[in-house]
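Taking it in order: structure first as structure tokens, then the write-up.
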Amino acid sequence: MKIVDKYILKELLKTQIVVLIILVAIFLSQSLIRLVTRAAVGSIPSELVGLLALYALPEILSIMLPLTLFISILITLGRICSDSEMVVMRSVGYSTSRVMIITLVLALITGLLGFYCGVFLSPQASNARSDLLSSAENNPQYLPIESGRFVSVDERYTIYIDELVSDKEGQRQVQNIYVMEDPYDLKRSAVTIAKSGSLVTDRDGVQWLHLEHGSRYEGSLEIGSYRKASFDEFDAPISSREAQEREKTNISMKSTAELLASDNLAWQVEAQWRMSSLFAALVLTMVAVPLSMVNPRQGRFAKLMPAILIYASYYMFIFSVRNIVNNTDYLGLYPGLYLVPIVFLIFVAIPLNLPKYVIRKLLGDKRLRGGKA
């Protein structure tokens with residue numbers, strides 16, 4: 001029996017690893033596309049695209065791990081059954097319950113990995129991503145300003161530069177620069193024009209655009225009048241510490257211990273969501289095993305569509321419950337998101353694993369009582 005156990009476990013692991021690599025590659029590619037798009041418009045430094053994509057990996061894994069196990073069970077056990085290997089195993093006393101035990105052990109390992117990624121690695125990656133972006137904002141070498149194009153900086157400034165060069169010390173010097181401050185504000189806006197300038201960072205980490213030999217026009221678009229002032233030197237802040245502080249309050253950056261200790265409902269729901277991969281792996285495994293036990297005549301993919309629908313309905317249900325708990329008073333924090341695995345366990349997983357004679361008895365099948373069919 002141990003040889004058969006190892007065989008099934010080995011086949012499940014091989015399939016799960018292959019599926020995991022494929023799915024992670026797909027989702028990382030999507031993240032890379034979004035990041036490259038943001039880098040193309042100057043929202044983030046292009047040099048950090050790869051590293052930022054890697055920081056998204058823990059969150060992707062916490063969602064993908066239960067799915068990879070679900071798919072690997074359907075594919076592996078479906079192949080074993082369609083090739084009549086399961087018939088041979090049963091003939092030597094290898095029961096379906098034994099298969100369920102093996103898959104549940106693998107589900108526990110997979111769920112714990114997803115739990116670790118969601119509970120510990122994901123907030124750490126979010127903080128590392130925020131620190132990386134903050135350091136890039138405070139590093140003039142990463143400032144998304146290029147010559148010959150309009151660039152929005154910190155939602156307040158639109159900058160256009162005729163020429164951008166770097167000196168021997170690595171400082172970026174700008175020549176013939178145009179800075180539009182709050183260009184869409186009808187009550188107050190300003191345009192600054194300078195022959196030259198540079199980017200500097202003060203002790204507090206705030207970036208300043210240091211301009212030399214230019215003019216500044218301030219006024220209102222509603223009134224249509226502006227006043228002009230000439231200057232030899234002018235400094236304008238282009239990185240907002242306030243915006244960085246708002247970023248630090250992002251819920252995804254909070255540790256799970258902070259979320260659980262908080263009285264904020266949304267924070268505690270987020271903590272439940274981070275732990276949901278463990279319960280999803282266990283419950284969906286109990287669903288996948290009976291659905292993968294197909295008749296050799298049916299083919300290995302006979303029950304693939306019902307399995308996909310059940311998986312999709314599980315996550316649609318958990319997303320719906322999450323929105324209901326956050327936005328209404330119909331469901332409290334408890335059972336909260338725990339309601340989803342409980343409902344699927346009682347109404348889906350357990351009925352699928354009951355023997356057929358038990359189901360017929362519960363449905364009142366007359367054949368079990370000696371009556372006519």
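Every chain in the structure tokens takes a letter, A first, then B, and so on in the order presented; its residues are numbered from 1, and the ligands are numbered from 1 following the presented order.
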
Using only C-alpha atoms, find each residue in stretch 60-79 of chain A having at least one atom no more than 10 Å away from stretch 302-311 of chain A; report its shortest atom-to-atom pair and that distance in Å (one decimal), rows by chain then rising number, as JSON lines.
```
{"residue": "A:Pro66", "atom": "CA", "partner": "A:Tyr311", "partner_atom": "CA", "distance": 9.9}
{"residue": "A:Leu67", "atom": "CA", "partner": "A:Tyr311", "partner_atom": "CA", "distance": 8.2}
{"residue": "A:Phe70", "atom": "CA", "partner": "A:Tyr311", "partner_atom": "CA", "distance": 8.4}
{"residue": "A:Ile71", "atom": "CA", "partner": "A:Ile308", "partner_atom": "CA", "distance": 8.9}
{"residue": "A:Leu74", "atom": "CA", "partner": "A:Leu304", "partner_atom": "CA", "distance": 7.2}
{"residue": "A:Ile75", "atom": "CA", "partner": "A:Leu304", "partner_atom": "CA", "distance": 8.9}
{"residue": "A:Gly78", "atom": "CA", "partner": "A:Ala302", "partner_atom": "CA", "distance": 8.6}
```

Original post:
stretch 14-29 of chain A: which residues within 8 Å, counting only C-alpha atoms, same-chain residues fewer than 5 positions away excluded, as a PyMOL selection string?
Top reply: chain A and resi 53-54+56-57+60-61+64-65+68-69+71-72+75-76

Prev. selection, N, CA and C atoms, output as a compact mmCIF listing (two decimals), in the first residue's frame:
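Result file part.txt:
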```txt
# COMPACT_ATOMS: atom_id res chain seq x y z
N ALA A 53 7.46 43.32 -9.80
CA ALA A 53 6.68 42.13 -10.19
C ALA A 53 6.94 40.98 -9.22
N LEU A 54 8.18 40.82 -8.77
CA LEU A 54 8.50 39.76 -7.82
C LEU A 54 7.81 39.98 -6.48
N ALA A 56 4.95 41.03 -6.06
CA ALA A 56 3.55 40.62 -6.19
C ALA A 56 3.38 39.11 -6.07
N LEU A 57 4.50 38.36 -6.06
CA LEU A 57 4.46 36.91 -6.07
C LEU A 57 3.77 36.30 -4.85
N ILE A 60 0.04 36.43 -5.27
CA ILE A 60 -0.38 35.52 -6.33
C ILE A 60 -0.37 34.08 -5.83
N LEU A 61 0.66 33.69 -5.09
CA LEU A 61 0.76 32.31 -4.60
C LEU A 61 -0.34 31.98 -3.61
N MET A 64 -3.21 31.22 -5.86
CA MET A 64 -3.00 30.18 -6.87
C MET A 64 -2.79 28.79 -6.28
N LEU A 65 -2.22 28.69 -5.09
CA LEU A 65 -1.90 27.37 -4.54
C LEU A 65 -3.12 26.46 -4.40
N THR A 68 -4.04 25.31 -7.95
CA THR A 68 -3.13 24.32 -8.54
C THR A 68 -3.39 22.92 -7.98
N LEU A 69 -3.67 22.83 -6.69
CA LEU A 69 -3.98 21.53 -6.10
C LEU A 69 -5.29 20.99 -6.66
N ILE A 71 -6.69 21.58 -9.56
CA ILE A 71 -6.50 21.14 -10.95
C ILE A 71 -5.67 19.86 -11.01
N SER A 72 -4.64 19.77 -10.18
CA SER A 72 -3.79 18.58 -10.21
C SER A 72 -4.54 17.33 -9.78
N ILE A 75 -6.79 16.33 -12.79
CA ILE A 75 -6.02 15.77 -13.91
C ILE A 75 -5.41 14.42 -13.55
N THR A 76 -4.76 14.35 -12.38
CA THR A 76 -4.03 13.13 -12.01
C THR A 76 -4.96 11.97 -11.71
```

**OP:** Using atom CA of A:Asp232 and atom CA of A:Ile161 as the two end points, give the distance in Å to one decimal.
**Re:**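 If I compute the distance from atom CA of A:Asp232 to atom CA of A:Ile161, I get 18.4 Å.
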
Subject >> One-decimal distance in Å that lies between atom CA of A:Ser134 and atom CA of A:Val36 >> reply: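 Taking atom CA of A:Val36 and atom CA of A:Ser134, their separation equals 18.4 Å.
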
Original post:
Mind pulling up the distance from atom CA of A:Gly197 to atom CA of A:Leu209?
Top reply: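 Pair atom CA of A:Leu209 / atom CA of A:Gly197 returns 7.0 Å.
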
Original post:
Counting only C-alpha atoms, what is within 12 Å of A:Val87, bar same-chain residues fewer than 3 positions away, as a PyMOL selection string?
Top reply: chain A and resi 77+80-84+90-96+293-296

Write a file of the just-selected residues containing N, CA and C atoms, as a PDB file, in the first residue's frame.
```pdb
ATOM      1  N   LEU A  77      -5.907  12.173 -10.811  1.00  0.00           N
ATOM      2  CA  LEU A  77      -6.816  11.090 -10.467  1.00  0.00           C
ATOM      3  C   LEU A  77      -7.738  10.750 -11.633  1.00  0.00           C
ATOM      4  N   ILE A  80      -5.707   8.448 -13.731  1.00  0.00           N
ATOM      5  CA  ILE A  80      -5.584   7.137 -13.092  1.00  0.00           C
ATOM      6  C   ILE A  80      -6.872   6.330 -13.261  1.00  0.00           C
ATOM      7  N   CYS A  81      -8.010   7.005 -13.118  1.00  0.00           N
ATOM      8  CA  CYS A  81      -9.291   6.298 -13.259  1.00  0.00           C
ATOM      9  C   CYS A  81      -9.575   5.933 -14.716  1.00  0.00           C
ATOM     10  N   SER A  82      -9.319   6.836 -15.631  1.00  0.00           N
ATOM     11  CA  SER A  82      -9.612   6.566 -17.043  1.00  0.00           C
ATOM     12  C   SER A  82      -8.700   5.493 -17.617  1.00  0.00           C
ATOM     13  N   ASP A  83      -7.483   5.339 -17.056  1.00  0.00           N
ATOM     14  CA  ASP A  83      -6.570   4.281 -17.494  1.00  0.00           C
ATOM     15  C   ASP A  83      -6.806   2.971 -16.756  1.00  0.00           C
ATOM     16  N   SER A  84      -7.887   2.910 -15.964  1.00  0.00           N
ATOM     17  CA  SER A  84      -8.285   1.695 -15.214  1.00  0.00           C
ATOM     18  C   SER A  84      -7.296   1.325 -14.115  1.00  0.00           C
ATOM     19  N   ARG A  90      -8.328  -0.885  -6.478  1.00  0.00           N
ATOM     20  CA  ARG A  90      -9.458  -1.306  -5.648  1.00  0.00           C
ATOM     21  C   ARG A  90      -9.525  -2.821  -5.532  1.00  0.00           C
ATOM     22  N   SER A  91      -9.095  -3.506  -6.565  1.00  0.00           N
ATOM     23  CA  SER A  91      -9.141  -4.973  -6.531  1.00  0.00           C
ATOM     24  C   SER A  91      -8.180  -5.570  -5.514  1.00  0.00           C
ATOM     25  N   VAL A  92      -7.160  -4.784  -5.132  1.00  0.00           N
ATOM     26  CA  VAL A  92      -6.214  -5.259  -4.123  1.00  0.00           C
ATOM     27  C   VAL A  92      -6.472  -4.603  -2.772  1.00  0.00           C
ATOM     28  N   GLY A  93      -7.644  -3.973  -2.632  1.00  0.00           N
ATOM     29  CA  GLY A  93      -8.050  -3.425  -1.346  1.00  0.00           C
ATOM     30  C   GLY A  93      -7.715  -1.973  -1.104  1.00  0.00           C
ATOM     31  N   TYR A  94      -7.309  -1.271  -2.149  1.00  0.00           N
ATOM     32  CA  TYR A  94      -6.983   0.152  -2.000  1.00  0.00           C
ATOM     33  C   TYR A  94      -8.261   0.964  -2.173  1.00  0.00           C
ATOM     34  N   SER A  95      -8.704   1.604  -1.108  1.00  0.00           N
ATOM     35  CA  SER A  95     -10.002   2.269  -1.116  1.00  0.00           C
ATOM     36  C   SER A  95      -9.893   3.742  -1.507  1.00  0.00           C
ATOM     37  N   THR A  96     -11.052   4.319  -1.843  1.00  0.00           N
ATOM     38  CA  THR A  96     -11.111   5.743  -2.168  1.00  0.00           C
ATOM     39  C   THR A  96     -10.791   6.604  -0.954  1.00  0.00           C
ATOM     40  N   MET A 293     -13.044  10.885  -9.662  1.00  0.00           N
ATOM     41  CA  MET A 293     -13.255   9.437  -9.748  1.00  0.00           C
ATOM     42  C   MET A 293     -14.269   9.117 -10.849  1.00  0.00           C
ATOM     43  N   VAL A 294     -13.795   9.105 -12.078  1.00  0.00           N
ATOM     44  CA  VAL A 294     -14.675   8.904 -13.223  1.00  0.00           C
ATOM     45  C   VAL A 294     -14.635   7.448 -13.675  1.00  0.00           C
ATOM     46  N   ASN A 295     -15.673   7.054 -14.384  1.00  0.00           N
ATOM     47  CA  ASN A 295     -15.719   5.736 -15.002  1.00  0.00           C
ATOM     48  C   ASN A 295     -14.755   5.709 -16.193  1.00  0.00           C
ATOM     49  N   PRO A 296     -13.961   4.628 -16.367  1.00  0.00           N
ATOM     50  CA  PRO A 296     -13.034   4.571 -17.510  1.00  0.00           C
ATOM     51  C   PRO A 296     -13.711   4.824 -18.852  1.00  0.00           C
TER      52      PRO A 296
END
```

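Using only C-alpha atoms for every distance, the candidate list A:Glu11, A:Glu181, A:Asp5, A:Glu212 yields A:Glu181 as the residue closest to A:Ile159.
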
Residue contacts of A:Ser196 (9 Å, only C-alpha atoms) excluding same-chain residues fewer than 5 positions away, as an mmCIF file with C-alpha atoms, in the first residue's frame:
```
data_model
loop_
_atom_site.group_PDB
_atom_site.id
_atom_site.type_symbol
_atom_site.label_atom_id
_atom_site.label_comp_id
_atom_site.auth_asym_id
_atom_site.auth_seq_id
_atom_site.Cartn_x
_atom_site.Cartn_y
_atom_site.Cartn_z
ATOM 1 C CA GLN A 173 20.466 69.066 -14.847
ATOM 2 C CA VAL A 174 17.466 70.408 -16.742
ATOM 3 C CA GLN A 175 17.524 73.129 -19.361
ATOM 4 C CA ASN A 176 14.593 75.172 -20.684
ATOM 5 C CA ILE A 177 12.034 73.766 -18.288
ATOM 6 C CA HIS A 210 15.696 73.904 -8.081
ATOM 7 C CA LEU A 211 15.227 76.384 -10.946
ATOM 8 C CA GLU A 212 17.488 79.235 -12.046
ATOM 9 C CA HIS A 213 16.928 82.359 -14.147
ATOM 10 C CA GLY A 214 13.263 82.298 -15.063
#
```

**OP:** Name all residues at most 10 Å from stretch 33-35 of chain A (count only C-alpha atoms; drop same-chain ones fewer than 4 positions away) and give them as number ranges by chain.
**Re:** A: 27-29, 39-40, 43-46, 48-50, 52-53

Any chance you could export the current selection's C-alpha atoms as an mmCIF file, in the first residue's frame?
```
data_model
loop_
_atom_site.group_PDB
_atom_site.id
_atom_site.type_symbol
_atom_site.label_atom_id
_atom_site.label_comp_id
_atom_site.auth_asym_id
_atom_site.auth_seq_id
_atom_site.Cartn_x
_atom_site.Cartn_y
_atom_site.Cartn_z
ATOM 1 C CA PHE A 27 -0.200 36.046 -13.689
ATOM 2 C CA LEU A 28 3.336 37.433 -13.431
ATOM 3 C CA SER A 29 3.155 38.277 -17.117
ATOM 4 C CA ALA A 39 6.660 52.748 -16.537
ATOM 5 C CA ALA A 40 5.935 53.831 -20.108
ATOM 6 C CA SER A 43 4.436 56.515 -13.227
ATOM 7 C CA ILE A 44 7.215 54.223 -11.961
ATOM 8 C CA PRO A 45 10.915 53.857 -12.829
ATOM 9 C CA SER A 46 11.478 51.305 -15.574
ATOM 10 C CA LEU A 48 12.266 48.625 -10.910
ATOM 11 C CA VAL A 49 9.668 46.794 -13.009
ATOM 12 C CA GLY A 50 11.139 43.313 -12.501
ATOM 13 C CA LEU A 52 8.085 45.127 -8.294
ATOM 14 C CA ALA A 53 6.684 42.133 -10.186
#
```

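Checking A:Lys361, A:Lys6, A:Arg129, A:Arg322 one by one against A:Ala266, counting only C-alpha atoms, you find the shortest gap at A:Arg322.
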
Original post:
Neighbours of stretch 111-117 of chain A within 9 Å (only C-alpha atoms; same-chain residues fewer than 3 positions away dropped), as an MDAnalysis selection string?
Top reply: chainID A and resid 57:66 106:108 120:123 274:282

Written selection (C-alpha atoms) as a CSV table (one decimal), in the first residue's frame:
```csv
chain,number,residue,atom,x,y,z
A,57,LEU,CA,4.5,36.9,-6.1
A,58,PRO,CA,3.3,36.1,-2.4
A,59,GLU,CA,-0.1,37.5,-3.1
A,60,ILE,CA,-0.4,35.5,-6.3
A,61,LEU,CA,0.8,32.3,-4.6
A,62,SER,CA,-1.8,32.7,-1.8
A,63,ILE,CA,-4.6,32.6,-4.3
A,64,MET,CA,-3.0,30.2,-6.9
A,65,LEU,CA,-1.9,27.4,-4.5
A,66,PRO,CA,-5.4,26.0,-3.8
A,106,LEU,CA,-1.1,17.4,0.4
A,107,ALA,CA,-4.0,19.9,0.8
A,108,LEU,CA,-2.8,20.7,4.4
A,120,PHE,CA,3.3,36.8,6.5
A,121,LEU,CA,4.9,37.2,3.2
A,122,SER,CA,2.2,39.3,1.5
A,123,PRO,CA,2.3,42.3,4.0
A,274,ARG,CA,-5.4,36.2,4.1
A,275,MET,CA,-6.2,33.0,6.0
A,276,SER,CA,-8.8,31.8,3.6
A,277,SER,CA,-6.4,29.8,1.4
A,278,LEU,CA,-5.9,27.2,4.1
A,279,PHE,CA,-9.7,26.5,4.3
A,280,ALA,CA,-10.1,26.7,0.5
A,281,ALA,CA,-7.4,24.1,-0.1
A,282,LEU,CA,-9.0,21.6,2.4
```

Original post:
Can you list every residue in stretch 217-356 of chain A that DSSP puts in helix (DSSP H, G or I), as a PyMOL selection string?
Top reply: chain A and resi 241-248+251-253+256-261+265-292+304-327+336-353+356

Could you take the residues named above and write them with C-alpha atoms, as a compact mmCIF listing (two decimals), in the first residue's frame?
```txt
# COMPACT_ATOMS: atom_id res chain seq x y z
CA ARG A 241 5.50 63.33 2.21
CA GLU A 242 1.78 63.44 2.86
CA ALA A 243 1.17 61.11 -0.07
CA GLN A 244 3.85 58.77 1.23
CA GLU A 245 2.21 58.72 4.65
CA ARG A 246 -1.14 57.86 3.04
CA GLU A 247 0.60 55.00 1.27
CA LYS A 248 1.92 53.74 4.60
CA ILE A 251 -4.29 48.02 4.55
CA SER A 252 -2.24 45.57 2.51
CA MET A 253 0.90 46.78 4.29
CA THR A 256 -1.89 40.26 10.13
CA ALA A 257 -1.38 40.65 13.89
CA GLU A 258 -2.20 44.38 13.58
CA LEU A 259 -5.31 43.60 11.54
CA LEU A 260 -6.60 41.06 14.06
CA ALA A 261 -5.92 43.39 17.01
CA LEU A 265 -14.09 45.83 10.55
CA ALA A 266 -12.39 46.13 7.15
CA TRP A 267 -9.02 45.30 8.69
CA GLN A 268 -10.32 42.16 10.39
CA VAL A 269 -12.05 41.03 7.19
CA GLU A 270 -8.71 41.47 5.41
CA ALA A 271 -7.10 39.22 8.03
CA GLN A 272 -9.76 36.57 7.39
CA TRP A 273 -9.12 36.85 3.64
CA ARG A 274 -5.40 36.25 4.15
CA MET A 275 -6.16 33.03 6.03
CA SER A 276 -8.79 31.81 3.58
CA SER A 277 -6.37 29.84 1.37
CA LEU A 278 -5.92 27.20 4.08
CA PHE A 279 -9.65 26.47 4.30
CA ALA A 280 -10.07 26.69 0.52
CA ALA A 281 -7.37 24.07 -0.06
CA LEU A 282 -8.96 21.60 2.39
CA VAL A 283 -12.59 22.05 1.33
CA LEU A 284 -11.93 22.13 -2.42
CA THR A 285 -9.78 19.00 -2.14
CA MET A 286 -12.75 17.16 -0.61
CA VAL A 287 -14.75 18.34 -3.63
CA ALA A 288 -12.12 17.49 -6.24
CA VAL A 289 -11.46 13.87 -5.20
CA PRO A 290 -14.99 12.49 -5.79
CA LEU A 291 -15.33 14.52 -8.99
CA SER A 292 -12.08 13.03 -10.32
CA LEU A 304 -14.24 18.76 -15.41
CA MET A 305 -16.93 21.33 -16.17
CA PRO A 306 -18.90 20.74 -12.90
CA ALA A 307 -15.60 20.95 -11.00
CA ILE A 308 -14.70 24.29 -12.60
CA LEU A 309 -18.16 25.67 -11.86
CA ILE A 310 -17.89 24.60 -8.21
CA TYR A 311 -14.46 26.20 -7.87
CA ALA A 312 -15.64 29.43 -9.51
CA SER A 313 -18.76 29.53 -7.32
CA TYR A 314 -16.60 29.09 -4.20
CA TYR A 315 -14.56 32.22 -4.90
CA MET A 316 -17.54 34.18 -6.21
CA PHE A 317 -19.28 33.33 -2.93
CA ILE A 318 -16.30 34.39 -0.81
CA PHE A 319 -15.94 37.69 -2.71
CA SER A 320 -19.67 38.35 -2.24
CA VAL A 321 -19.52 37.61 1.48
CA ARG A 322 -16.49 39.88 1.80
CA ASN A 323 -18.38 42.77 0.20
CA ILE A 324 -21.48 42.09 2.29
CA VAL A 325 -19.54 42.07 5.57
CA ASN A 326 -17.64 45.24 4.64
CA ASN A 327 -20.58 47.25 3.33
CA GLY A 336 -17.68 36.37 8.22
CA LEU A 337 -15.59 34.74 5.49
CA TYR A 338 -15.55 31.50 7.48
CA LEU A 339 -19.15 31.05 6.36
CA VAL A 340 -18.02 30.07 2.85
CA PRO A 341 -15.94 26.95 3.67
CA ILE A 342 -18.56 25.87 6.21
CA VAL A 343 -21.39 26.11 3.66
CA PHE A 344 -19.40 24.30 0.96
CA LEU A 345 -18.32 21.62 3.39
CA ILE A 346 -21.89 20.88 4.50
CA PHE A 347 -23.75 21.24 1.21
CA VAL A 348 -21.14 20.28 -1.39
CA ALA A 349 -18.11 18.38 -0.05
CA ILE A 350 -19.87 16.01 2.35
CA PRO A 351 -22.73 15.06 -0.05
CA LEU A 352 -20.23 14.34 -2.85
CA ASN A 353 -18.30 11.97 -0.58
CA LYS A 356 -24.48 6.19 -3.21
```

**OP:** Would you please give, as a list in words, all residues of stretch 3-163 of chain A that DSSP assigns to strand (DSSP E) based on the backbone?
**Re:**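 Restricting stretch 3-163 of chain A to strand (DSSP E) produces Phe150, Val151, Ser152, Val153, Tyr157, Thr158, Ile159, Tyr160, Ile161, Asp162 and Glu163 of chain A.
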